[in-house]
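Undergrad: The structure file input.txt (compact mmCIF, C-alpha atoms and all ligand atoms) is provided below.
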```txt
# COMPACT_ATOMS: atom_id res chain seq x y z
CA MET A 1 -14.96 22.41 69.90
CA THR A 2 -14.22 19.36 67.73
CA ARG A 3 -15.13 19.66 64.10
CA PRO A 4 -17.33 17.00 62.50
CA ARG A 5 -15.37 14.52 60.40
CA VAL A 6 -16.33 13.84 56.79
CA LEU A 7 -14.85 11.24 54.45
CA LEU A 8 -13.95 12.43 50.95
CA VAL A 9 -13.82 9.67 48.34
CA SER A 10 -12.61 10.59 44.86
CA LEU A 11 -13.48 8.68 41.72
CA GLY A 12 -12.10 11.11 39.09
CA GLY A 13 -13.92 13.32 36.58
CA THR A 14 -13.33 16.92 35.49
CA ILE A 15 -12.82 18.08 39.07
CA ALA A 16 -9.70 15.90 39.12
CA SER A 17 -8.59 16.44 35.51
CA THR A 18 -5.36 18.02 34.33
CA GLY A 19 -3.33 18.12 31.14
CA GLU A 20 -1.95 20.30 28.39
CA GLY A 21 -4.95 21.13 26.22
CA ALA A 22 -7.25 18.15 26.55
CA VAL A 23 -7.50 16.91 30.13
CA SER A 24 -7.91 13.55 31.87
CA PRO A 25 -8.56 12.58 35.49
CA SER A 26 -5.28 12.56 37.40
CA LEU A 27 -5.70 14.23 40.81
CA GLY A 28 -6.44 12.41 44.03
CA ALA A 29 -8.67 13.46 46.91
CA ALA A 30 -5.90 15.17 48.90
CA GLU A 31 -5.01 17.32 45.88
CA LEU A 32 -8.66 18.35 45.46
CA LEU A 33 -8.54 19.77 48.98
CA GLY A 34 -5.46 21.92 48.22
CA PRO A 35 -7.38 25.05 47.11
CA LEU A 36 -9.58 24.83 50.23
CA VAL A 37 -6.71 25.10 52.69
CA ASP A 38 -7.81 28.55 53.92
CA ALA A 39 -11.57 28.05 53.59
CA PRO A 40 -13.28 28.75 56.93
CA ASP A 41 -15.74 26.50 58.73
CA LEU A 42 -15.07 23.30 56.87
CA PRO A 43 -15.32 19.93 58.59
CA GLU A 44 -12.28 17.81 59.25
CA VAL A 45 -11.74 15.73 56.11
CA GLU A 46 -10.38 12.22 55.77
CA VAL A 47 -9.46 11.26 52.19
CA ARG A 48 -9.65 8.11 50.12
CA ASP A 49 -8.79 7.70 46.41
CA LEU A 50 -10.76 4.94 44.74
CA ARG A 51 -10.52 5.76 41.01
CA ARG A 52 -9.11 8.42 38.71
CA ALA A 53 -11.69 7.69 36.06
CA ALA A 54 -13.94 9.46 33.58
CA SER A 55 -17.66 9.24 34.38
CA VAL A 56 -18.34 6.63 31.76
CA GLU A 57 -15.74 4.29 33.28
CA VAL A 58 -17.29 4.30 36.75
CA THR A 59 -19.04 1.00 37.48
CA LEU A 60 -21.73 -0.11 39.88
CA GLU A 61 -19.08 -2.30 41.50
CA ASP A 62 -17.10 0.89 42.25
CA LEU A 63 -20.18 2.34 43.92
CA VAL A 64 -20.73 -0.83 45.95
CA GLU A 65 -17.17 -0.32 47.17
CA VAL A 66 -17.85 3.36 47.98
CA ALA A 67 -20.91 2.31 49.99
CA ARG A 68 -18.85 -0.24 51.91
CA VAL A 69 -16.13 2.33 52.64
CA ALA A 70 -18.83 4.78 53.77
CA ARG A 71 -20.38 2.28 56.18
CA ASP A 72 -16.95 1.47 57.68
CA ALA A 73 -16.15 5.17 58.02
CA ARG A 74 -19.46 5.85 59.77
CA ARG A 75 -18.71 3.14 62.29
CA GLU A 76 -15.42 4.93 62.95
CA GLY A 77 -17.12 8.26 63.60
CA THR A 78 -17.41 10.17 60.32
CA VAL A 79 -20.71 12.03 60.08
CA GLY A 80 -20.96 12.10 56.33
CA LEU A 81 -19.45 11.21 53.00
CA VAL A 82 -18.55 13.37 50.01
CA VAL A 83 -17.90 11.63 46.70
CA THR A 84 -16.30 13.45 43.78
CA GLN A 85 -16.83 12.07 40.33
CA GLY A 86 -17.37 13.06 36.72
CA THR A 87 -20.56 14.93 36.08
CA ASP A 88 -21.62 12.95 33.01
CA THR A 89 -22.98 10.06 35.08
CA LEU A 90 -23.08 11.81 38.44
CA GLU A 91 -26.86 11.61 38.81
CA GLU A 92 -26.80 7.85 38.34
CA ALA A 93 -23.90 7.36 40.75
CA ALA A 94 -25.62 9.45 43.41
CA PHE A 95 -28.87 7.52 43.09
CA ALA A 96 -27.01 4.20 43.19
CA LEU A 97 -25.23 5.29 46.37
CA GLU A 98 -28.57 6.12 48.00
CA LEU A 99 -30.03 2.73 47.08
CA LEU A 100 -26.86 0.98 48.21
CA GLY A 101 -27.31 2.47 51.68
CA ALA A 102 -24.22 4.68 51.53
CA GLY A 103 -26.10 7.68 52.90
CA PRO A 104 -25.74 10.30 54.17
CA VAL A 105 -23.71 11.05 51.07
CA VAL A 106 -23.12 14.16 49.00
CA VAL A 107 -21.87 13.78 45.43
CA THR A 108 -20.18 16.63 43.60
CA GLY A 109 -17.89 17.34 40.67
CA ALA A 110 -16.98 20.18 38.36
CA MET A 111 -18.02 21.47 34.98
CA ARG A 112 -14.71 23.34 34.51
CA HIS A 113 -11.42 21.57 35.12
CA PRO A 114 -8.88 22.98 37.61
CA GLY A 115 -6.77 24.62 34.89
CA SER A 116 -9.66 26.57 33.35
CA LEU A 117 -10.82 30.10 34.10
CA GLY A 118 -13.55 30.09 36.72
CA ALA A 119 -12.94 26.47 37.70
CA ASP A 120 -15.92 25.48 39.84
CA GLY A 121 -14.47 22.38 41.52
CA PRO A 122 -13.15 24.03 44.71
CA ALA A 123 -16.42 25.91 45.37
CA ASN A 124 -18.48 22.80 44.67
CA LEU A 125 -16.28 20.73 46.97
CA ALA A 126 -16.42 23.29 49.79
CA ALA A 127 -20.21 23.45 49.51
CA ALA A 128 -20.48 19.66 49.41
CA LEU A 129 -18.34 19.31 52.54
CA ARG A 130 -20.50 21.85 54.37
CA VAL A 131 -23.67 20.03 53.35
CA ALA A 132 -22.23 16.65 54.36
CA ALA A 133 -21.26 18.01 57.78
CA HIS A 134 -24.62 19.70 58.41
CA PRO A 135 -26.83 17.86 60.95
CA ALA A 136 -29.99 18.54 58.90
CA THR A 137 -28.72 16.46 55.97
CA ARG A 138 -28.19 13.23 57.95
CA ASP A 139 -31.40 11.44 56.94
CA LEU A 140 -31.89 12.71 53.40
CA GLY A 141 -30.18 9.85 51.57
CA ALA A 142 -27.93 10.90 48.71
CA LEU A 143 -27.63 14.53 47.71
CA VAL A 144 -25.93 16.26 44.80
CA VAL A 145 -24.33 19.62 45.45
CA MET A 146 -23.36 21.63 42.37
CA ASN A 147 -23.30 25.36 41.73
CA ASP A 148 -24.28 26.08 45.37
CA GLU A 149 -27.54 24.12 45.00
CA VAL A 150 -28.54 21.03 46.98
CA HIS A 151 -30.46 18.42 44.97
CA ALA A 152 -31.99 15.07 45.91
CA ALA A 153 -30.27 12.26 43.99
CA ARG A 154 -33.61 10.89 42.82
CA PHE A 155 -34.63 14.12 41.07
CA VAL A 156 -31.42 15.62 39.76
CA ARG A 157 -30.29 15.57 36.13
CA LYS A 158 -27.40 16.98 34.17
CA THR A 159 -29.11 19.33 31.73
CA HIS A 160 -26.23 21.06 29.92
CA THR A 161 -22.90 19.91 28.49
CA ALA A 162 -20.80 22.79 29.78
CA SER A 163 -22.63 25.29 32.01
CA PRO A 164 -21.69 25.43 35.72
CA ALA A 165 -25.47 25.55 36.25
CA ALA A 166 -25.88 22.21 34.44
CA PHE A 167 -27.63 20.40 37.30
CA ALA A 168 -31.35 20.79 37.86
CA SER A 169 -34.23 18.89 39.43
CA PRO A 170 -37.04 19.45 36.92
CA VAL A 171 -39.61 17.38 38.86
CA ALA A 172 -39.25 19.08 42.20
CA GLY A 173 -36.59 21.80 42.22
CA PRO A 174 -33.54 21.88 44.50
CA LEU A 175 -33.95 21.06 48.19
CA GLY A 176 -31.93 24.10 49.17
CA ASP A 177 -28.72 26.00 48.63
CA VAL A 178 -25.46 27.08 50.19
CA VAL A 179 -25.10 30.84 50.58
CA GLU A 180 -22.21 32.61 52.33
CA GLY A 181 -21.10 29.20 53.55
CA ARG A 182 -24.47 28.49 55.18
CA VAL A 183 -26.52 25.45 54.24
CA ARG A 184 -30.18 26.43 53.79
CA LEU A 185 -32.66 23.61 53.22
CA ARG A 186 -36.11 24.64 52.06
CA THR A 187 -37.61 21.17 51.94
CA ARG A 188 -36.68 17.60 52.65
CA VAL A 189 -36.84 14.10 51.23
CA SER A 190 -36.79 10.87 53.19
CA ALA A 191 -33.91 8.52 52.41
CA LEU A 192 -35.08 5.55 50.36
CA ALA A 193 -34.66 2.12 51.91
CA PRO A 194 -31.46 0.37 50.83
CA ILE A 195 -31.65 -2.47 48.31
CA ASP A 196 -29.66 -5.55 49.21
CA ALA A 197 -27.77 -5.50 45.90
CA ARG A 198 -25.40 -8.36 45.20
CA PRO A 199 -23.01 -8.08 42.25
CA PRO A 200 -22.62 -9.28 39.56
CA PHE A 201 -25.19 -7.08 37.88
CA PRO A 202 -27.17 -8.47 34.94
CA PRO A 203 -27.23 -6.76 31.53
CA VAL A 204 -29.94 -4.07 31.56
CA PRO A 205 -29.96 -2.00 28.36
CA LEU A 206 -31.67 1.36 28.08
CA VAL A 207 -33.40 1.92 24.73
CA THR A 208 -34.74 5.31 23.68
CA VAL A 209 -37.65 5.30 21.24
CA ALA A 210 -37.84 8.08 18.62
CA LEU A 211 -40.05 9.35 15.80
CA ASP A 212 -40.57 6.70 13.11
CA ASP A 213 -38.40 4.33 15.16
CA ASP A 214 -37.60 1.21 13.12
CA GLY A 215 -37.52 -0.99 16.23
CA LEU A 216 -34.25 -2.64 15.13
CA ALA A 217 -32.57 -2.13 18.50
CA LEU A 218 -35.53 -3.52 20.44
CA GLY A 219 -35.87 -6.44 18.04
CA ALA A 220 -32.20 -7.32 18.48
CA LEU A 221 -32.53 -7.15 22.25
CA GLY A 222 -35.49 -9.48 22.15
CA ALA A 223 -33.17 -12.15 20.81
CA LEU A 224 -30.47 -11.57 23.44
CA GLY A 225 -30.38 -12.71 27.04
CA VAL A 226 -30.99 -9.49 28.96
CA GLY A 227 -31.75 -9.41 32.67
CA GLY A 228 -34.17 -6.53 32.26
CA LEU A 229 -34.81 -3.55 30.05
CA VAL A 230 -35.61 0.13 30.41
CA VAL A 231 -37.55 1.73 27.57
CA GLU A 232 -37.32 5.50 27.42
CA ALA A 233 -40.44 6.32 25.48
CA PRO A 234 -41.84 9.57 24.11
CA GLY A 235 -44.38 11.55 26.12
CA GLY A 236 -46.30 9.72 28.81
CA GLY A 237 -44.79 6.35 27.77
CA HIS A 238 -45.68 5.57 24.15
CA VAL A 239 -44.12 3.44 21.40
CA PRO A 240 -45.13 2.65 17.81
CA ALA A 241 -47.58 -0.25 17.51
CA ARG A 242 -44.93 -2.31 15.71
CA HIS A 243 -42.82 -2.36 18.92
CA VAL A 244 -45.58 -3.94 20.97
CA PRO A 245 -45.05 -7.65 20.17
CA VAL A 246 -41.35 -7.60 21.06
CA LEU A 247 -41.95 -5.57 24.24
CA ALA A 248 -44.81 -7.82 25.30
CA ASP A 249 -42.63 -10.87 24.70
CA LEU A 250 -39.73 -9.37 26.66
CA ALA A 251 -42.05 -8.35 29.51
CA ARG A 252 -43.21 -11.98 29.84
CA ARG A 253 -39.59 -13.00 30.39
CA VAL A 254 -37.87 -10.17 32.28
CA PRO A 255 -38.87 -6.92 34.02
CA VAL A 256 -39.30 -4.16 31.43
CA VAL A 257 -39.52 -0.67 32.89
CA LEU A 258 -41.26 2.09 30.95
CA ALA A 259 -39.93 5.63 31.48
CA SER A 260 -40.70 8.92 29.81
CA ARG A 261 -38.05 10.63 27.72
CA THR A 262 -39.55 14.08 28.49
CA GLY A 263 -37.39 14.53 31.58
CA SER A 264 -40.21 15.58 33.87
CA GLY A 265 -43.56 14.20 34.97
CA PRO A 266 -44.74 10.66 35.63
CA VAL A 267 -45.42 7.91 33.13
CA LEU A 268 -49.15 8.07 32.45
CA GLY A 269 -51.42 5.17 33.34
CA ALA A 270 -54.94 5.79 32.18
CA THR A 271 -54.99 8.16 29.22
CA TYR A 272 -53.94 6.62 25.87
CA GLY A 273 -55.40 3.31 24.80
CA TYR A 274 -54.02 2.89 21.25
CA PRO A 275 -51.62 0.01 20.52
CA GLY A 276 -48.30 1.12 22.02
CA GLY A 277 -49.99 3.69 24.29
CA GLU A 278 -49.21 3.49 27.99
CA VAL A 279 -52.48 1.73 28.86
CA ASP A 280 -51.66 -0.99 26.32
CA LEU A 281 -48.03 -1.35 27.43
CA LEU A 282 -48.77 -1.46 31.16
CA GLY A 283 -51.52 -4.00 30.47
CA ARG A 284 -48.90 -6.17 28.81
CA GLY A 285 -46.77 -6.25 31.94
CA LEU A 286 -44.40 -3.32 31.49
CA VAL A 287 -43.64 -1.55 34.77
CA ALA A 288 -44.09 2.24 34.98
CA ALA A 289 -41.00 4.10 36.19
CA GLY A 290 -43.26 6.72 37.78
CA SER A 291 -41.48 10.04 37.94
CA LEU A 292 -38.01 8.52 37.80
CA ASP A 293 -36.28 9.19 34.51
CA ALA A 294 -34.88 6.31 32.48
CA ARG A 295 -31.34 6.55 33.84
CA HIS A 296 -32.45 6.59 37.47
CA ALA A 297 -34.90 3.78 36.71
CA ARG A 298 -32.15 1.68 35.15
CA VAL A 299 -29.94 2.06 38.24
CA ALA A 300 -32.81 0.92 40.45
CA LEU A 301 -33.65 -2.00 38.16
CA LEU A 302 -30.04 -3.19 38.08
CA LEU A 303 -29.82 -3.15 41.87
CA LEU A 304 -33.23 -4.80 42.32
CA LEU A 305 -32.40 -7.58 39.87
CA SER A 306 -29.08 -8.24 41.57
CA ALA A 307 -31.02 -8.55 44.84
CA GLY A 308 -33.16 -11.28 43.26
CA ALA A 309 -36.31 -9.22 42.63
CA ASP A 310 -38.79 -10.66 40.14
CA ARG A 311 -41.19 -8.65 37.95
CA ASP A 312 -43.78 -8.22 40.73
CA ALA A 313 -41.18 -7.12 43.26
CA VAL A 314 -39.79 -4.65 40.72
CA ALA A 315 -43.31 -3.32 40.08
CA ALA A 316 -43.97 -2.98 43.82
CA TRP A 317 -40.72 -1.06 44.31
CA PHE A 318 -41.43 1.44 41.54
CA ALA A 319 -45.02 1.91 42.72
CA ALA A 320 -43.89 2.60 46.28
CA VAL A 321 -41.19 5.08 45.27
CA ASP A 322 -43.68 7.09 43.25
CA GLN A 323 -46.17 7.55 46.09
CA PRO A 324 -46.59 11.24 46.92
CA ALA A 325 -45.78 12.02 50.54
CA PRO A 326 -48.76 12.26 52.93
CA ASP A 327 -47.67 15.77 53.84
CA PRO A 328 -46.03 17.39 50.83
CA SER A 329 -44.72 20.25 52.90
CA LEU A 330 -42.53 17.84 54.85
CA ARG A 331 -41.02 15.59 52.23
CA TYR A 332 -41.06 14.56 48.63
CA HIS A 333 -41.74 11.17 46.92
N1 LIG A 401 -17.99 15.79 32.09
C1 LIG A 401 -16.73 15.46 32.70
C2 LIG A 401 -16.79 15.63 34.22
O1 LIG A 401 -17.54 16.41 34.69
C3 LIG A 401 -16.17 14.17 32.32
C4 LIG A 401 -16.76 13.04 33.09
O2 LIG A 401 -17.93 13.09 33.45
O3 LIG A 401 -16.00 12.13 33.36
O4 LIG A 401 -16.06 15.02 34.94
```
Re-express the file's structure as structure tokens.
Ligand code: DAS
TA:
Amino acid sequence: MTRPRVLLVSLGGTIASTGEGAVSPSLGAAELLGPLVDAPDLPEVEVRDLRRAASVEVTLEDLVEVARVARDARREGTVGLVVTQGTDTLEEAAFALELLGAGPVVVTGAMRHPGSLGADGPANLAAALRVAAHPATRDLGALVVMNDEVHAARFVRKTHTASPAAFASPVAGPLGDVVEGRVRLRTRVSALAPIDARPPFPPVPLVTVALDDDGLALGALGALGVGGLVVEAPGGGHVPARHVPVLADLARRVPVVLASRTGSGPVLGATYGYPGGEVDLLGRGLVAAGSLDARHARVALLLLLSAGADRDAVAAWFAAVDQPAPDPSLRYH
């Protein structure tokens, strides 16, 4: 029986990092497969090195290239794609790959580098390859597989700096897991429609608002030429009243997306009416990120803007993504 073929694209990160003492990305995709040589029931793997970079050096242009490589590989018969990259920005990369139409794609990495005790890279990679080869994962968009859990790209977050269990989906929980080499999905998501993103990407800062925030950062941005803005606001989407004029002014000029910094739960829409409350801000043209956190929302906004979306198109996209499924037992979003 022929084994399914999966493409492994490596971008770098801890999973590929070596060194004496402090480590840096240096291994390529073929080397990542070395420890899996005797692992049973893995798909056939084709390899491609794109970067040997730390998470923070990965660009959206890199991910556009990964999506292109994935589409070409699918035409040539691969059933899925596994991308390895640093975990620090892994959730954003995975979501970008979904919106760029790279799916089905599984993104993984490691919390412990190959030279450390209990290195998790080989197990994460083996699980990711199994998930990518599994027929039930073909229409789920982008997934993240870490620590034997399968997460939807849109929900997953890195929640710890060092733990192998750093990845969680606070909004919805994992979709499933990999146990004894078997992929077990408990629930499903539907892949999101691709956005016709066209680099170059405009500047889209992400500003987090804090207690007694002086508003200096937002004020400075108001004077700059940004393509859009994501505001990560406390609670259900609230800022001090003194931030309102600059946000209202920005929202008249560019799409400004309002996300919650809580990490779980949607931006509210009808609860707080004080100046700077969510009712006030949404009434001034800010767009609610729904249940997407600020980093996921920023990825979506960047891609939408590069596709030529205006404020109303951005608002329509975020509203549609946040619709609960008609049958919650079948799919999320
Ligand atoms: N946190 C490290 C990693 O998992 C570094 C990085 O993200 O590049 O790869």
Undergrad: Smallest atom-to-atom distance to A:Ala93: which of A:Ala217, A:Leu143, A:Val231, A:Val254, using all atoms listed in the file?
TA: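 So, comparing all the options, the nearest one is A:Leu143.
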Undergrad: Using all atoms listed in the file, what residues lie at most 8 Å away from (-33.5, 26.3, 45.9) (file coordinates), given as a count of residues only?
TA: 9
Undergrad: Which residues are near ligand LIG 401 (chain A) in this structure, taking near to mean any atom at most 12 Å from a ligand atom and counting only C-alpha atoms and all ligand atoms? Format them as JSON, numbers by chain.
TA: {"A": [10, 11, 12, 13, 14, 15, 16, 17, 18, 22, 23, 24, 25, 26, 27, 51, 52, 53, 54, 55, 56, 57, 58, 84, 85, 86, 87, 88, 89, 90, 91, 92, 93, 107, 108, 109, 110, 111, 112, 113, 114, 119, 120, 121, 124, 146, 158, 159, 160, 161, 162, 163, 164, 166, 167]}
Undergrad: Could the residues of stretch 205-227 of chain A that have an atom at most 10 Å from stretch 232-244 of chain A be listed as a tab-separated table, each with its closest atom pair and the distance in Å to one decimal, counting all atoms listed in the file and ordered by chain and ascending residue number?
TA:
```
residue	atom	partner	partner_atom	distance
A:Leu206	CA	A:Glu232	CA	7.0
A:Val207	CA	A:Glu232	CA	6.0
A:Thr208	CA	A:Glu232	CA	4.5
A:Val209	CA	A:Ala233	CA	5.2
A:Ala210	CA	A:Pro234	CA	7.0
A:Leu211	CA	A:Pro234	CA	8.5
A:Asp212	CA	A:Pro240	CA	7.7
A:Asp213	CA	A:Pro240	CA	7.4
A:Asp214	CA	A:Arg242	CA	8.5
A:Gly215	CA	A:His243	CA	6.1
A:Leu216	CA	A:His243	CA	9.4
A:Leu218	CA	A:His243	CA	7.5
A:Gly219	CA	A:His243	CA	8.1
```
Undergrad: For the contact check between stretch 72-137 of chain A and stretch 30-46 of chain A, emit one row per residue of stretch 72-137 of chain A within 7 Å, containing the shortest atom pair and the distance in Å rounded to one decimal, counting only C-alpha atoms, chain then rising number order, as JSON lines.
TA:
```
{"residue": "A:Pro122", "atom": "CA", "partner": "A:Pro35", "partner_atom": "CA", "distance": 6.3}
{"residue": "A:Leu129", "atom": "CA", "partner": "A:Leu42", "partner_atom": "CA", "distance": 6.7}
{"residue": "A:Arg130", "atom": "CA", "partner": "A:Leu42", "partner_atom": "CA", "distance": 6.2}
{"residue": "A:Ala133", "atom": "CA", "partner": "A:Pro43", "partner_atom": "CA", "distance": 6.3}
```
Undergrad: Would you compute the box with edges along x, y and z of the file around stretch 158-163 of chain A, including every atom the file lists for it and 6 Å extra on each side, and give its centre and edge lengths in Å to one decimal, as JSON?
TA:
```
{"center_x": -25.0, "center_y": 21.1, "center_z": 31.3, "size_x": 20.3, "size_y": 20.3, "size_z": 17.7}
```
Undergrad: Quick one: residues within 7 Å of A:Ala294, only C-alpha atoms, excluding same-chain residues fewer than 5 positions away - as a ChimeraX atom specification?
TA: /A:230,232,259-260
Undergrad: For atom CA of A:Glu278 and atom CA of A:Asp310, determine how far apart the two atoms are, in Å to one decimal place.
TA: 21.4 Å
Undergrad: At what distance in Å, to one decimal, does atom CA of A:Phe201 lie from atom CA of A:Gly308?
TA: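 Atom CA of A:Phe201 lies at a distance of 10.5 Å from atom CA of A:Gly308.
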Undergrad: Record the distance separating atom CA of A:Leu7 and atom CA of A:Val178, expressed in Å with one decimal.
TA: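 It comes out at 19.5 Å.
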Undergrad: For A:Val6, list every protein, DNA or RNA residue within 6 Å, evaluated using all atoms listed in the file, and leave out those in the same chain fewer than 5 positions away; present the list as a tab-separated table (two decimals) with C-alpha atoms, keeping the file's coordinate frame.
TA:
```tsv
chain	number	residue	atom	x	y	z
A	45	VAL	CA	-11.74	15.73	56.11
A	78	THR	CA	-17.41	10.17	60.32
A	79	VAL	CA	-20.71	12.03	60.08
A	80	GLY	CA	-20.96	12.10	56.33
A	81	LEU	CA	-19.45	11.21	53.00
```
Undergrad: Measuring atom to atom with only C-alpha atoms, identify which of A:Ala309, A:Ile195, A:Leu221, A:Val171 is nearest to A:Asp249.
TA: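 Nearest candidate to A:Asp249 out of A:Ala309, A:Ile195, A:Leu221, A:Val171: A:Leu221.
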Undergrad: Using all atoms listed in the file, determine which residues lie at most 8 Å from A:Leu99, disregarding the query and same-chain residues fewer than 3 positions distant; provide the list as a list of chain:residue names.
TA: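 Here the answer would be A:Phe95, A:Ala96, A:Ala102, A:Leu192, A:Ala193, A:Pro194, A:Ile195, A:Ala300, A:Leu303.
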Undergrad: Output the selection as a PDB file, keeping the file's coordinate frame - C-alpha atoms for each residue.
TA:
```
ATOM      1  CA  PHE A  95     -28.870   7.520  43.090  1.00  0.00           C
ATOM      2  CA  ALA A  96     -27.010   4.200  43.190  1.00  0.00           C
ATOM      3  CA  ALA A 102     -24.220   4.680  51.530  1.00  0.00           C
ATOM      4  CA  LEU A 192     -35.080   5.550  50.360  1.00  0.00           C
ATOM      5  CA  ALA A 193     -34.660   2.120  51.910  1.00  0.00           C
ATOM      6  CA  PRO A 194     -31.460   0.370  50.830  1.00  0.00           C
ATOM      7  CA  ILE A 195     -31.650  -2.470  48.310  1.00  0.00           C
ATOM      8  CA  ALA A 300     -32.810   0.920  40.450  1.00  0.00           C
ATOM      9  CA  LEU A 303     -29.820  -3.150  41.870  1.00  0.00           C
TER      10      LEU A 303
END
```
Undergrad: For stretch 37-53 of chain A, supply N, CA and C atoms and format the output as a PDB file, in the frame of the given file.
TA:
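Okay, rebuild.pdb is ready:
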```pdb
ATOM      1  N   VAL A  37      -7.499  25.101  51.462  1.00  0.00           N
ATOM      2  CA  VAL A  37      -6.710  25.100  52.690  1.00  0.00           C
ATOM      3  C   VAL A  37      -7.100  26.257  53.629  1.00  0.00           C
ATOM      4  N   ASP A  38      -7.457  27.407  53.060  1.00  0.00           N
ATOM      5  CA  ASP A  38      -7.810  28.550  53.920  1.00  0.00           C
ATOM      6  C   ASP A  38      -9.318  28.761  54.048  1.00  0.00           C
ATOM      7  N   ALA A  39     -10.107  27.851  53.526  1.00  0.00           N
ATOM      8  CA  ALA A  39     -11.570  28.050  53.590  1.00  0.00           C
ATOM      9  C   ALA A  39     -12.040  27.877  55.030  1.00  0.00           C
ATOM     10  N   PRO A  40     -12.836  28.834  55.532  1.00  0.00           N
ATOM     11  CA  PRO A  40     -13.280  28.750  56.930  1.00  0.00           C
ATOM     12  C   PRO A  40     -14.420  27.752  57.104  1.00  0.00           C
ATOM     13  N   ASP A  41     -14.561  27.279  58.324  1.00  0.00           N
ATOM     14  CA  ASP A  41     -15.740  26.500  58.730  1.00  0.00           C
ATOM     15  C   ASP A  41     -15.960  25.225  57.933  1.00  0.00           C
ATOM     16  N   LEU A  42     -14.885  24.593  57.531  1.00  0.00           N
ATOM     17  CA  LEU A  42     -15.070  23.300  56.870  1.00  0.00           C
ATOM     18  C   LEU A  42     -14.912  22.197  57.904  1.00  0.00           C
ATOM     19  N   PRO A  43     -15.528  21.039  57.668  1.00  0.00           N
ATOM     20  CA  PRO A  43     -15.320  19.930  58.590  1.00  0.00           C
ATOM     21  C   PRO A  43     -13.894  19.394  58.463  1.00  0.00           C
ATOM     22  N   GLU A  44     -13.528  18.554  59.403  1.00  0.00           N
ATOM     23  CA  GLU A  44     -12.280  17.810  59.250  1.00  0.00           C
ATOM     24  C   GLU A  44     -12.499  16.778  58.131  1.00  0.00           C
ATOM     25  N   VAL A  45     -11.516  16.605  57.271  1.00  0.00           N
ATOM     26  CA  VAL A  45     -11.740  15.730  56.110  1.00  0.00           C
ATOM     27  C   VAL A  45     -10.707  14.601  56.079  1.00  0.00           C
ATOM     28  N   GLU A  46     -11.216  13.401  55.952  1.00  0.00           N
ATOM     29  CA  GLU A  46     -10.380  12.220  55.770  1.00  0.00           C
ATOM     30  C   GLU A  46     -10.463  11.885  54.276  1.00  0.00           C
ATOM     31  N   VAL A  47      -9.390  11.455  53.650  1.00  0.00           N
ATOM     32  CA  VAL A  47      -9.460  11.260  52.190  1.00  0.00           C
ATOM     33  C   VAL A  47      -9.238   9.810  51.786  1.00  0.00           C
ATOM     34  N   ARG A  48      -9.820   9.462  50.671  1.00  0.00           N
ATOM     35  CA  ARG A  48      -9.650   8.110  50.120  1.00  0.00           C
ATOM     36  C   ARG A  48      -9.767   8.193  48.588  1.00  0.00           C
ATOM     37  N   ASP A  49      -8.725   7.752  47.880  1.00  0.00           N
ATOM     38  CA  ASP A  49      -8.790   7.700  46.410  1.00  0.00           C
ATOM     39  C   ASP A  49      -9.266   6.321  45.998  1.00  0.00           C
ATOM     40  N   LEU A  50     -10.344   6.253  45.247  1.00  0.00           N
ATOM     41  CA  LEU A  50     -10.760   4.940  44.740  1.00  0.00           C
ATOM     42  C   LEU A  50     -10.490   4.785  43.258  1.00  0.00           C
ATOM     43  N   ARG A  51     -10.763   5.821  42.461  1.00  0.00           N
ATOM     44  CA  ARG A  51     -10.520   5.760  41.010  1.00  0.00           C
ATOM     45  C   ARG A  51     -10.022   7.124  40.552  1.00  0.00           C
ATOM     46  N   ARG A  52      -9.377   7.144  39.410  1.00  0.00           N
ATOM     47  CA  ARG A  52      -9.110   8.420  38.710  1.00  0.00           C
ATOM     48  C   ARG A  52      -9.684   8.208  37.318  1.00  0.00           C
ATOM     49  N   ALA A  53     -10.999   8.165  37.250  1.00  0.00           N
ATOM     50  CA  ALA A  53     -11.690   7.690  36.060  1.00  0.00           C
ATOM     51  C   ALA A  53     -12.619   8.760  35.488  1.00  0.00           C
TER      52      ALA A  53
END
```
